[in-house]
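See below for my_file06.cif, which holds mmCIF, C-alpha atoms.
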data_my_file
#
loop_
_atom_site.group_PDB
_atom_site.id
_atom_site.type_symbol
_atom_site.label_atom_id
_atom_site.label_comp_id
_atom_site.auth_asym_id
_atom_site.auth_seq_id
_atom_site.Cartn_x
_atom_site.Cartn_y
_atom_site.Cartn_z
ATOM 1 C CA MET K 28 0.000 0.000 0.000
ATOM 2 C CA THR K 29 1.362 3.390 -1.026
ATOM 3 C CA LYS K 30 1.948 5.834 1.819
ATOM 4 C CA PRO K 31 0.398 9.299 1.468
ATOM 5 C CA PRO K 32 2.896 12.156 0.918
ATOM 6 C CA LEU K 33 3.804 14.449 3.805
ATOM 7 C CA THR K 34 6.002 17.539 3.836
ATOM 8 C CA LEU K 35 7.600 17.689 7.253
ATOM 9 C CA TYR K 36 9.066 21.000 8.414
ATOM 10 C CA LEU K 37 11.587 20.645 11.231
ATOM 11 C CA ALA K 38 12.218 23.747 13.327
ATOM 12 C CA ALA K 39 15.765 24.914 13.999
ATOM 13 C CA PRO K 40 16.653 25.704 16.675
ATOM 14 C CA ARG K 41 14.628 23.271 18.775
ATOM 15 C CA GLY K 42 15.098 21.163 21.889
ATOM 16 C CA PHE K 43 17.820 21.494 24.507
ATOM 17 C CA CYS K 44 19.062 24.966 25.374
ATOM 18 C CA ALA K 45 22.376 25.736 27.078
ATOM 19 C CA GLY K 46 20.773 26.039 30.525
ATOM 20 C CA VAL K 47 19.102 22.619 30.279
ATOM 21 C CA ASP K 48 22.242 21.020 28.865
ATOM 22 C CA ARG K 49 24.238 22.446 31.782
ATOM 23 C CA ALA K 50 21.708 21.279 34.392
ATOM 24 C CA ILE K 51 21.700 17.686 33.122
ATOM 25 C CA LYS K 52 25.490 17.701 32.966
ATOM 26 C CA ILE K 53 25.596 18.904 36.586
ATOM 27 C CA VAL K 54 23.590 15.878 37.772
ATOM 28 C CA GLU K 55 25.703 13.466 35.715
ATOM 29 C CA MET K 56 28.979 14.981 36.945
ATOM 30 C CA ALA K 57 27.740 14.944 40.553
ATOM 31 C CA LEU K 58 26.975 11.229 40.242
ATOM 32 C CA GLN K 59 30.454 10.636 38.814
ATOM 33 C CA LYS K 60 32.101 12.645 41.589
ATOM 34 C CA TRP K 61 30.151 11.526 44.657
ATOM 35 C CA GLY K 62 28.446 8.344 43.490
ATOM 36 C CA ALA K 63 24.787 7.458 43.957
ATOM 37 C CA PRO K 64 22.526 8.567 45.387
ATOM 38 C CA VAL K 65 22.602 12.267 44.568
ATOM 39 C CA TYR K 66 19.433 14.125 45.527
ATOM 40 C CA VAL K 67 17.757 16.661 43.243
ATOM 41 C CA ARG K 68 15.229 19.106 44.637
ATOM 42 C CA HIS K 69 12.407 19.282 42.094
ATOM 43 C CA GLU K 70 12.718 17.891 38.554
ATOM 44 C CA ILE K 71 16.080 19.082 37.221
ATOM 45 C CA VAL K 72 14.264 20.080 34.017
ATOM 46 C CA HIS K 73 10.655 19.560 32.999
ATOM 47 C CA ASN K 74 10.929 16.391 30.945
ATOM 48 C CA LYS K 75 9.944 12.906 32.141
ATOM 49 C CA PHE K 76 12.308 11.102 29.741
ATOM 50 C CA VAL K 77 15.302 13.100 31.029
ATOM 51 C CA VAL K 78 14.290 12.716 34.683
ATOM 52 C CA ASP K 79 13.764 8.958 34.310
ATOM 53 C CA ALA K 80 17.171 8.548 32.627
ATOM 54 C CA LEU K 81 18.906 10.394 35.485
ATOM 55 C CA ARG K 82 16.917 8.414 38.063
ATOM 56 C CA ASP K 83 18.226 5.221 36.445
ATOM 57 C CA GLN K 84 21.775 6.540 36.995
ATOM 58 C CA GLY K 85 21.151 7.103 40.704
ATOM 59 C CA ALA K 86 19.544 10.542 41.020
ATOM 60 C CA VAL K 87 16.754 10.775 43.610
ATOM 61 C CA PHE K 88 14.168 13.454 42.871
ATOM 62 C CA VAL K 89 12.398 15.076 45.816
ATOM 63 C CA GLU K 90 10.149 18.079 46.229
ATOM 64 C CA GLU K 91 11.613 19.548 49.406
ATOM 65 C CA LEU K 92 14.983 19.823 51.111
ATOM 66 C CA ASP K 93 13.428 18.110 54.152
ATOM 67 C CA ASP K 94 13.325 14.927 52.048
ATOM 68 C CA CYS K 95 17.130 14.916 51.675
ATOM 69 C CA PRO K 96 19.593 13.406 54.170
ATOM 70 C CA ASN K 97 22.392 15.661 55.433
ATOM 71 C CA ASP K 98 25.170 13.359 54.262
ATOM 72 C CA ARG K 99 24.376 13.218 50.518
ATOM 73 C CA PRO K 100 24.798 15.958 47.883
ATOM 74 C CA VAL K 101 21.717 17.841 46.725
ATOM 75 C CA ILE K 102 21.247 19.725 43.462
ATOM 76 C CA PHE K 103 18.829 22.601 42.908
ATOM 77 C CA SER K 104 16.937 22.546 39.606
ATOM 78 C CA ALA K 105 17.504 24.726 36.539
ATOM 79 C CA HIS K 106 14.405 26.773 37.410
ATOM 80 C CA GLY K 107 16.016 28.317 40.485
ATOM 81 C CA VAL K 108 15.027 28.223 44.152
ATOM 82 C CA PRO K 109 14.093 30.746 46.839
ATOM 83 C CA LYS K 110 17.068 32.064 48.836
ATOM 84 C CA ALA K 111 15.873 30.203 51.935
ATOM 85 C CA ILE K 112 16.681 26.822 50.334
ATOM 86 C CA PRO K 113 20.488 27.147 49.922
ATOM 87 C CA ALA K 114 20.567 28.965 53.270
ATOM 88 C CA GLU K 115 18.953 25.950 54.931
ATOM 89 C CA ALA K 116 21.302 23.555 53.093
ATOM 90 C CA ALA K 117 24.278 25.553 54.367
ATOM 91 C CA ARG K 118 22.861 25.518 57.893
ATOM 92 C CA ARG K 119 22.623 21.712 57.689
ATOM 93 C CA GLU K 120 26.212 21.602 56.348
ATOM 94 C CA MET K 121 25.071 19.786 53.225
ATOM 95 C CA ILE K 122 26.998 19.600 49.961
ATOM 96 C CA TYR K 123 24.795 21.408 47.457
ATOM 97 C CA VAL K 124 25.149 22.413 43.812
ATOM 98 C CA ASP K 125 22.999 25.115 42.250
ATOM 99 C CA ALA K 126 21.965 24.195 38.688
ATOM 100 C CA THR K 127 19.909 27.371 38.207
ATOM 101 C CA CYS K 128 20.115 28.508 34.581
ATOM 102 C CA PRO K 129 22.428 31.550 34.391
ATOM 103 C CA LEU K 130 19.695 33.461 32.540
ATOM 104 C CA VAL K 131 17.336 32.867 35.469
ATOM 105 C CA SER K 132 20.109 33.898 37.859
ATOM 106 C CA LYS K 133 20.385 37.146 35.868
ATOM 107 C CA VAL K 134 16.730 37.885 36.680
ATOM 108 C CA HIS K 135 17.407 37.125 40.368
ATOM 109 C CA ILE K 136 20.301 39.606 40.356
ATOM 110 C CA GLU K 137 18.140 42.243 38.633
ATOM 111 C CA ALA K 138 15.423 41.848 41.267
ATOM 112 C CA GLU K 139 17.951 42.146 44.101
ATOM 113 C CA ARG K 140 19.525 45.236 42.539
ATOM 114 C CA HIS K 141 16.151 46.967 42.194
ATOM 115 C CA HIS K 142 15.270 46.005 45.781
ATOM 116 C CA ALA K 143 18.569 47.465 47.023
ATOM 117 C CA ASN K 144 17.631 50.696 45.246
ATOM 118 C CA GLY K 145 14.346 50.822 47.142
ATOM 119 C CA LEU K 146 12.069 49.659 44.334
ATOM 120 C CA GLN K 147 9.181 47.226 44.666
ATOM 121 C CA ILE K 148 9.219 44.536 41.965
ATOM 122 C CA VAL K 149 6.432 43.383 39.650
ATOM 123 C CA MET K 150 7.042 39.933 38.175
ATOM 124 C CA ILE K 151 5.356 38.807 34.965
ATOM 125 C CA GLY K 152 5.021 35.054 35.345
ATOM 126 C CA HIS K 153 2.848 32.035 36.068
ATOM 127 C CA ALA K 154 1.730 31.449 39.649
ATOM 128 C CA GLY K 155 3.223 28.272 41.107
ATOM 129 C CA HIS K 156 5.809 27.750 38.363
ATOM 130 C CA PRO K 157 9.143 26.827 40.009
ATOM 131 C CA GLU K 158 10.962 29.683 38.284
ATOM 132 C CA THR K 159 8.423 32.223 39.508
ATOM 133 C CA VAL K 160 8.540 30.783 43.032
ATOM 134 C CA GLY K 161 12.347 30.933 42.956
ATOM 135 C CA THR K 162 12.528 34.507 41.698
ATOM 136 C CA MET K 163 9.910 35.810 44.125
ATOM 137 C CA GLY K 164 11.764 33.974 46.894
ATOM 138 C CA GLN K 165 14.905 36.055 46.368
ATOM 139 C CA LEU K 166 13.312 38.940 48.275
ATOM 140 C CA PRO K 167 11.218 39.366 51.432
ATOM 141 C CA ASP K 168 7.458 38.753 51.273
ATOM 142 C CA GLY K 169 5.569 41.607 49.620
ATOM 143 C CA GLU K 170 8.573 42.927 47.708
ATOM 144 C CA VAL K 171 7.658 41.015 44.523
ATOM 145 C CA LEU K 172 4.106 41.266 43.154
ATOM 146 C CA LEU K 173 3.024 38.691 40.555
ATOM 147 C CA VAL K 174 0.983 39.509 37.448
ATOM 148 C CA GLU K 175 -0.156 36.923 34.899
ATOM 149 C CA THR K 176 -2.456 39.062 32.727
ATOM 150 C CA GLU K 177 -3.174 42.650 31.749
ATOM 151 C CA ALA K 178 -6.219 42.491 34.044
ATOM 152 C CA ASP K 179 -3.873 41.718 36.949
ATOM 153 C CA VAL K 180 -2.004 44.959 36.208
ATOM 154 C CA ALA K 181 -5.216 46.953 36.613
ATOM 155 C CA ARG K 182 -5.781 45.358 40.047
ATOM 156 C CA LEU K 183 -2.248 45.845 41.382
ATOM 157 C CA GLU K 184 -1.887 47.524 44.743
ATOM 158 C CA VAL K 185 1.615 48.953 45.030
ATOM 159 C CA ARG K 186 3.476 50.754 47.778
ATOM 160 C CA ASP K 187 4.602 53.695 45.626
ATOM 161 C CA ALA K 188 3.709 54.001 41.944
ATOM 162 C CA THR K 189 6.880 55.994 41.300
ATOM 163 C CA ARG K 190 9.199 53.358 42.825
ATOM 164 C CA LEU K 191 8.626 50.213 40.760
ATOM 165 C CA ALA K 192 10.557 47.840 38.492
ATOM 166 C CA PHE K 193 9.477 44.729 36.598
ATOM 167 C CA VAL K 194 11.092 41.399 35.719
ATOM 168 C CA THR K 195 9.820 38.487 33.616
ATOM 169 C CA GLN K 196 9.754 34.698 33.840
ATOM 170 C CA THR K 197 12.252 33.629 31.179
ATOM 171 C CA THR K 198 10.089 30.952 29.515
ATOM 172 C CA LEU K 199 7.096 33.092 28.566
ATOM 173 C CA SER K 200 5.970 34.088 25.088
ATOM 174 C CA VAL K 201 7.340 37.390 23.814
ATOM 175 C CA ASP K 202 3.914 38.170 22.343
ATOM 176 C CA ASP K 203 2.061 37.442 25.592
ATOM 177 C CA THR K 204 4.324 39.634 27.700
ATOM 178 C CA ARG K 205 4.211 42.551 25.250
ATOM 179 C CA GLY K 206 0.656 43.465 26.245
ATOM 180 C CA ILE K 207 1.380 43.121 29.968
ATOM 181 C CA VAL K 208 4.492 45.306 29.688
ATOM 182 C CA ALA K 209 2.470 47.910 27.790
ATOM 183 C CA ALA K 210 -0.185 47.846 30.526
ATOM 184 C CA LEU K 211 2.485 48.285 33.227
ATOM 185 C CA ASN K 212 4.043 51.227 31.384
ATOM 186 C CA ALA K 213 0.634 52.834 30.838
ATOM 187 C CA ARG K 214 -0.431 52.560 34.485
ATOM 188 C CA PHE K 215 3.001 53.175 36.015
ATOM 189 C CA PRO K 216 4.970 55.485 33.670
ATOM 190 C CA ALA K 217 7.977 55.529 36.019
ATOM 191 C CA ILE K 218 8.342 51.736 36.172
ATOM 192 C CA VAL K 219 11.857 50.479 35.391
ATOM 193 C CA GLY K 220 12.256 47.593 32.942
ATOM 194 C CA PRO K 221 15.178 45.231 32.393
ATOM 195 C CA HIS K 222 18.180 46.511 30.410
ATOM 196 C CA LYS K 223 17.710 43.524 28.134
ATOM 197 C CA GLU K 224 14.638 41.348 27.610
ATOM 198 C CA ASP K 225 14.356 38.781 30.418
ATOM 199 C CA ILE K 226 12.756 36.206 28.117
ATOM 200 C CA CYS K 227 15.657 33.936 27.265
ATOM 201 C CA TYR K 228 17.289 33.676 23.844
ATOM 202 C CA ALA K 229 16.298 30.004 23.522
ATOM 203 C CA THR K 230 12.616 30.691 24.238
ATOM 204 C CA THR K 231 12.595 33.506 21.687
ATOM 205 C CA ASN K 232 14.487 31.522 19.039
ATOM 206 C CA ARG K 233 12.175 28.515 19.314
ATOM 207 C CA GLN K 234 9.121 30.727 19.058
ATOM 208 C CA GLU K 235 10.496 32.542 15.996
ATOM 209 C CA ALA K 236 11.115 29.219 14.217
ATOM 210 C CA VAL K 237 7.511 28.185 14.933
ATOM 211 C CA LYS K 238 6.222 31.506 13.572
ATOM 212 C CA ALA K 239 8.315 31.061 10.421
ATOM 213 C CA MET K 240 6.675 27.735 9.615
ATOM 214 C CA SER K 241 3.138 28.312 10.929
ATOM 215 C CA ASP K 242 1.714 29.547 7.609
ATOM 216 C CA LYS K 243 3.243 26.588 5.730
ATOM 217 C CA ILE K 244 1.687 23.787 7.777
ATOM 218 C CA ASP K 245 -1.651 22.134 8.495
ATOM 219 C CA ALA K 246 -0.551 20.862 11.919
ATOM 220 C CA MET K 247 2.201 21.354 14.488
ATOM 221 C CA LEU K 248 3.596 18.797 16.921
ATOM 222 C CA VAL K 249 5.531 20.231 19.862
ATOM 223 C CA VAL K 250 7.677 17.656 21.641
ATOM 224 C CA GLY K 251 7.707 18.517 25.325
ATOM 225 C CA ALA K 252 6.230 17.890 28.752
ATOM 226 C CA PRO K 253 2.845 19.216 29.918
ATOM 227 C CA ASN K 254 4.544 20.922 32.887
ATOM 228 C CA SER K 255 7.071 22.654 30.613
ATOM 229 C CA SER K 256 6.116 26.328 30.336
ATOM 230 C CA ASN K 257 8.193 27.033 27.236
ATOM 231 C CA SER K 258 6.779 23.946 25.453
ATOM 232 C CA ARG K 259 3.190 25.000 26.117
ATOM 233 C CA ARG K 260 4.004 28.485 24.832
ATOM 234 C CA LEU K 261 5.190 26.939 21.539
ATOM 235 C CA VAL K 262 1.774 25.324 21.077
ATOM 236 C CA GLU K 263 0.135 28.705 21.729
ATOM 237 C CA VAL K 264 2.471 30.518 19.323
ATOM 238 C CA ALA K 265 1.660 28.040 16.538
ATOM 239 C CA SER K 266 -2.102 28.426 17.098
ATOM 240 C CA LYS K 267 -1.939 32.232 17.232
ATOM 241 C CA ASN K 268 0.066 32.387 14.004
ATOM 242 C CA GLY K 269 -2.344 30.552 11.772
ATOM 243 C CA CYS K 270 -1.697 26.862 12.415
ATOM 244 C CA ASP K 271 -5.065 25.088 12.493
ATOM 245 C CA TYR K 272 -3.976 22.260 14.794
ATOM 246 C CA ALA K 273 -1.163 22.209 17.367
ATOM 247 C CA GLN K 274 -0.540 19.386 19.836
ATOM 248 C CA LEU K 275 1.915 18.916 22.694
ATOM 249 C CA VAL K 276 3.327 15.369 22.722
ATOM 250 C CA GLN K 277 5.741 13.845 25.217
ATOM 251 C CA ARG K 278 6.473 10.813 23.025
ATOM 252 C CA ALA K 279 5.463 9.512 19.589
ATOM 253 C CA THR K 280 2.876 7.331 21.329
ATOM 254 C CA ASP K 281 0.976 10.524 22.294
ATOM 255 C CA ILE K 282 0.297 11.575 18.692
ATOM 256 C CA ASP K 283 -3.428 11.826 17.956
ATOM 257 C CA TRP K 284 -3.417 10.233 14.514
ATOM 258 C CA ARG K 285 -7.120 10.876 13.916
ATOM 259 C CA ALA K 286 -6.572 14.618 14.385
ATOM 260 C CA ILE K 287 -3.921 14.742 11.646
ATOM 261 C CA GLU K 288 -5.603 12.355 9.245
ATOM 262 C CA GLY K 289 -5.538 13.707 5.705
ATOM 263 C CA ILE K 290 -2.967 16.434 6.354
ATOM 264 C CA ARG K 291 -0.210 17.124 3.830
ATOM 265 C CA THR K 292 2.119 19.412 5.786
ATOM 266 C CA ILE K 293 3.210 19.211 9.400
ATOM 267 C CA GLY K 294 5.736 21.032 11.567
ATOM 268 C CA ILE K 295 7.779 19.647 14.438
ATOM 269 C CA THR K 296 9.604 21.506 17.164
ATOM 270 C CA ALA K 297 10.673 20.710 20.713
ATOM 271 C CA GLY K 298 10.700 22.613 23.980
ATOM 272 C CA ALA K 299 13.997 23.588 25.561
ATOM 273 C CA SER K 300 13.998 20.581 27.910
ATOM 274 C CA ALA K 301 13.124 17.932 25.293
ATOM 275 C CA PRO K 302 16.009 15.750 24.015
ATOM 276 C CA GLU K 303 16.562 15.215 20.296
ATOM 277 C CA VAL K 304 16.019 11.451 20.658
ATOM 278 C CA LEU K 305 12.311 12.173 21.263
ATOM 279 C CA VAL K 306 12.135 14.385 18.162
ATOM 280 C CA ASN K 307 13.667 11.570 16.121
ATOM 281 C CA GLU K 308 11.104 9.178 17.593
ATOM 282 C CA VAL K 309 8.256 11.401 16.348
ATOM 283 C CA VAL K 310 9.850 11.778 12.909
ATOM 284 C CA ASP K 311 10.243 7.986 12.651
ATOM 285 C CA ALA K 312 6.588 7.483 13.612
ATOM 286 C CA LEU K 313 5.563 9.857 10.814
ATOM 287 C CA ARG K 314 7.842 8.051 8.337
ATOM 288 C CA ASP K 315 6.072 4.799 9.219
ATOM 289 C CA ARG K 316 2.756 6.252 8.027
ATOM 290 C CA PHE K 317 3.757 8.787 5.380
ATOM 291 C CA GLU K 318 6.170 9.276 2.503
ATOM 292 C CA VAL K 319 8.061 12.095 4.180
ATOM 293 C CA ASN K 320 9.755 15.023 2.471
ATOM 294 C CA LEU K 321 11.821 16.582 5.286
ATOM 295 C CA GLN K 322 12.676 20.289 5.217
ATOM 296 C CA VAL K 323 14.480 22.280 7.918
ATOM 297 C CA VAL K 324 13.274 25.783 8.784
ATOM 298 C CA GLU K 325 16.238 27.525 10.408
ATOM 299 C CA THR K 326 15.775 31.009 11.847
ATOM 300 C CA ALA K 327 18.815 31.220 14.157
ATOM 301 C CA GLN K 328 22.010 29.422 15.124
ATOM 302 C CA GLU K 329 22.889 28.881 18.761
ATOM 303 C CA ASN K 330 26.399 28.450 20.108
ATOM 304 C CA VAL K 331 25.827 29.392 23.759
ATOM 305 C CA GLU K 332 27.516 27.260 26.418
ATOM 306 C CA PHE K 333 27.391 27.702 30.187
ATOM 307 C CA LYS K 334 30.113 26.373 32.486
ATOM 308 C CA VAL K 335 29.230 23.967 35.262
ATOM 309 C CA PRO K 336 29.981 25.091 38.856
ATOM 310 C CA ARG K 337 33.619 24.901 39.923
ATOM 311 C CA VAL K 338 32.899 22.339 42.661
ATOM 312 C CA LEU K 339 32.239 19.781 39.892
ATOM 313 C CA ARG K 340 35.378 20.656 37.966
ATOM 314 C CA VAL K 341 37.763 19.854 40.817
ATOM 315 C CA PRO K 342 38.565 16.335 42.068
ATOM 316 C CA ALA K 343 36.681 14.948 45.045
#
Re-express the file's structure as structure tokens.
Amino acid sequence: MTKPPLTLYLAAPRGFCAGVDRAIKIVEMALQKWGAPVYVRHEIVHNKFVVDALRDQGAVFVEELDDCPNDRPVIFSAHGVPKAIPAEAARREMIYVDATCPLVSKVHIEAERHHANGLQIVMIGHAGHPETVGTMGQLPDGEVLLVETEADVARLEVRDATRLAFVTQTTLSVDDTRGIVAALNARFPAIVGPHKEDICYATTNRQEAVKAMSDKIDAMLVVGAPNSSNSRRLVEVASKNGCDYAQLVQRATDIDWRAIEGIRTIGITAGASAPEVLVNEVVDALRDRFEVNLQVVETAQENVEFKVPRVLRVPA
């Protein structure tokens, strides 16, 4: 039986960013240095396949520092943690390694600098997301106010409208934050923004690649986890830019074949915490059902690399 033709557009860049690559490397190097088990507070990155692979090597994933023994190393996830967490680890004389993405750390430093200058901070982010919790936890309660929508901006109660600054969760959509930033500037003309966009280069690059292919395709598959903020934003970006059907899939087995029945063009991308092996798995599943013509849509090249902490680069 002849397979139907399918033009498959593959986004570039896609998948792992430098911060995720560094975080995974930190866990692997910690296991090599100190042996198993090494504890990791919260998922190191939001991807089940990655977490399961590290668990198989001896990483133990926990939600709170209280779940870790004092005599084993603990690693803090790429999303960042409130200041109280490393302080408590130090108090317990634990070995700890901070795998916070340097771009998230940059936002932490910005928030602290504004606070030192007497400004109250507004954070654009998602309530409960580990990165938002970590950033808000850099400062005392009440010093960081969270907004998720333009409507939240209208309801904000601030200490002094002339003494404000804002920061942004790094994994949000550029388009979504634009309206919130405009609302903040309209209501609080004196508000201070970041010197450079907080939304990370990898988030922006992956979204731009999706935009570039959205008008060429009938459907978009985003490889990523349901708890991955940047992956969910890619689905939204595809839908908002003219793609009729966009689905988030963790593995090829999640593809809804009935939803893409009869299509002739499809796009594939992957969130910043999704490994390339899962992208290849999806491509192979499509090849099994279609005669695939593969085309790469490249909108940027990435050569960013972040060093791992020094404690992992010196012998035990």
The PyMOL selection byres ((chain K and resi 310) around 12) applied to the shown file, residues as a compact mmCIF listing (two decimals) with C-alpha atoms, in the coordinates of the input:
# COMPACT_ATOMS: atom_id res chain seq x y z
CA LEU K 33 3.80 14.45 3.80
CA THR K 34 6.00 17.54 3.84
CA LEU K 35 7.60 17.69 7.25
CA TYR K 36 9.07 21.00 8.41
CA LEU K 37 11.59 20.64 11.23
CA LEU K 248 3.60 18.80 16.92
CA VAL K 249 5.53 20.23 19.86
CA VAL K 250 7.68 17.66 21.64
CA ARG K 278 6.47 10.81 23.02
CA ALA K 279 5.46 9.51 19.59
CA THR K 280 2.88 7.33 21.33
CA ILE K 282 0.30 11.58 18.69
CA ILE K 293 3.21 19.21 9.40
CA GLY K 294 5.74 21.03 11.57
CA ILE K 295 7.78 19.65 14.44
CA THR K 296 9.60 21.51 17.16
CA ALA K 297 10.67 20.71 20.71
CA GLU K 303 16.56 15.22 20.30
CA VAL K 304 16.02 11.45 20.66
CA LEU K 305 12.31 12.17 21.26
CA VAL K 306 12.14 14.38 18.16
CA ASN K 307 13.67 11.57 16.12
CA GLU K 308 11.10 9.18 17.59
CA VAL K 309 8.26 11.40 16.35
CA ASP K 311 10.24 7.99 12.65
CA ALA K 312 6.59 7.48 13.61
CA LEU K 313 5.56 9.86 10.81
CA ARG K 314 7.84 8.05 8.34
CA ASP K 315 6.07 4.80 9.22
CA ARG K 316 2.76 6.25 8.03
CA PHE K 317 3.76 8.79 5.38
CA GLU K 318 6.17 9.28 2.50
CA VAL K 319 8.06 12.10 4.18
CA ASN K 320 9.76 15.02 2.47
CA LEU K 321 11.82 16.58 5.29
CA GLN K 322 12.68 20.29 5.22
Quick one: pull the distance between CA of Lys238 in chain K and CA of Met150 in chain K, Å, one decimal.
26.0 Å
Mind listing as a list in words all residues within 6 Å of (16.5, 19.2, 35.1), counting all atoms listed in the file?
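The residues near that point, listed by chain and number, are Ala50, Ile51, Glu70, Ile71, Val72, Ser104 and Ala105 of chain K.
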Contacts of His69 in chain K at 8 Å (all atoms listed in the file; same-chain gap of 3+ positions) as an MDAnalysis selection string:
chainID K and resid 88:91 103:104
Within 10 Å of Val149 in chain K using only C-alpha atoms, minus same-chain residues under 6 positions, as a CSV table (one decimal) with C-alpha atoms, keeping the file's coordinate frame:
chain,number,residue,atom,x,y,z
K,138,ALA,CA,15.4,41.8,41.3
K,163,MET,CA,9.9,35.8,44.1
K,170,GLU,CA,8.6,42.9,47.7
K,171,VAL,CA,7.7,41.0,44.5
K,172,LEU,CA,4.1,41.3,43.2
K,173,LEU,CA,3.0,38.7,40.6
K,174,VAL,CA,1.0,39.5,37.4
K,180,VAL,CA,-2.0,45.0,36.2
K,183,LEU,CA,-2.2,45.8,41.4
K,185,VAL,CA,1.6,49.0,45.0
K,191,LEU,CA,8.6,50.2,40.8
K,192,ALA,CA,10.6,47.8,38.5
K,193,PHE,CA,9.5,44.7,36.6
K,194,VAL,CA,11.1,41.4,35.7
K,195,THR,CA,9.8,38.5,33.6
K,211,LEU,CA,2.5,48.3,33.2
K,218,ILE,CA,8.3,51.7,36.2
K,219,VAL,CA,11.9,50.5,35.4
K,220,GLY,CA,12.3,47.6,32.9
Quick one: everything within 9 Å of Thr326 in chain K, counting all atoms listed in the file, minus sequence neighbours fewer than 6 positions away in the same chain. Send it as a PyMOL selection string.
chain K and resi 38-40+232-233+235-236+239
So how many Å separate CA of Cys270 in chain K and CA of His153 in chain K, to one decimal?
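Between CA of Cys270 in chain K and CA of His153 in chain K the gap works out to 24.6 Å.
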Any idea what's packed within 9 Å of Gln277 in chain K, counting all atoms listed in the file, ignoring anything in its chain fewer than 6 positions away? Could you give it as a PyMOL selection string?
chain K and resi 74-76+249-253+301+305
Which residues come within 7 Å of range 128-132 of chain K, counting all atoms listed in the file, excluding same-chain residues fewer than 4 positions away, as a PyMOL selection string?
chain K and resi 46+105-107+136+197+227
Same residues, C-alpha atoms, saved as a PDB file, in the frame of the given file:
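So the final result, stored in result.pdb, reads:
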ATOM      1  CA  GLY K  46      20.773  26.039  30.525  1.00  0.00           C
ATOM      2  CA  ALA K 105      17.504  24.726  36.539  1.00  0.00           C
ATOM      3  CA  HIS K 106      14.405  26.773  37.410  1.00  0.00           C
ATOM      4  CA  GLY K 107      16.016  28.317  40.485  1.00  0.00           C
ATOM      5  CA  ILE K 136      20.301  39.606  40.356  1.00  0.00           C
ATOM      6  CA  THR K 197      12.252  33.629  31.179  1.00  0.00           C
ATOM      7  CA  CYS K 227      15.657  33.936  27.265  1.00  0.00           C
TER       8      CYS K 227
END
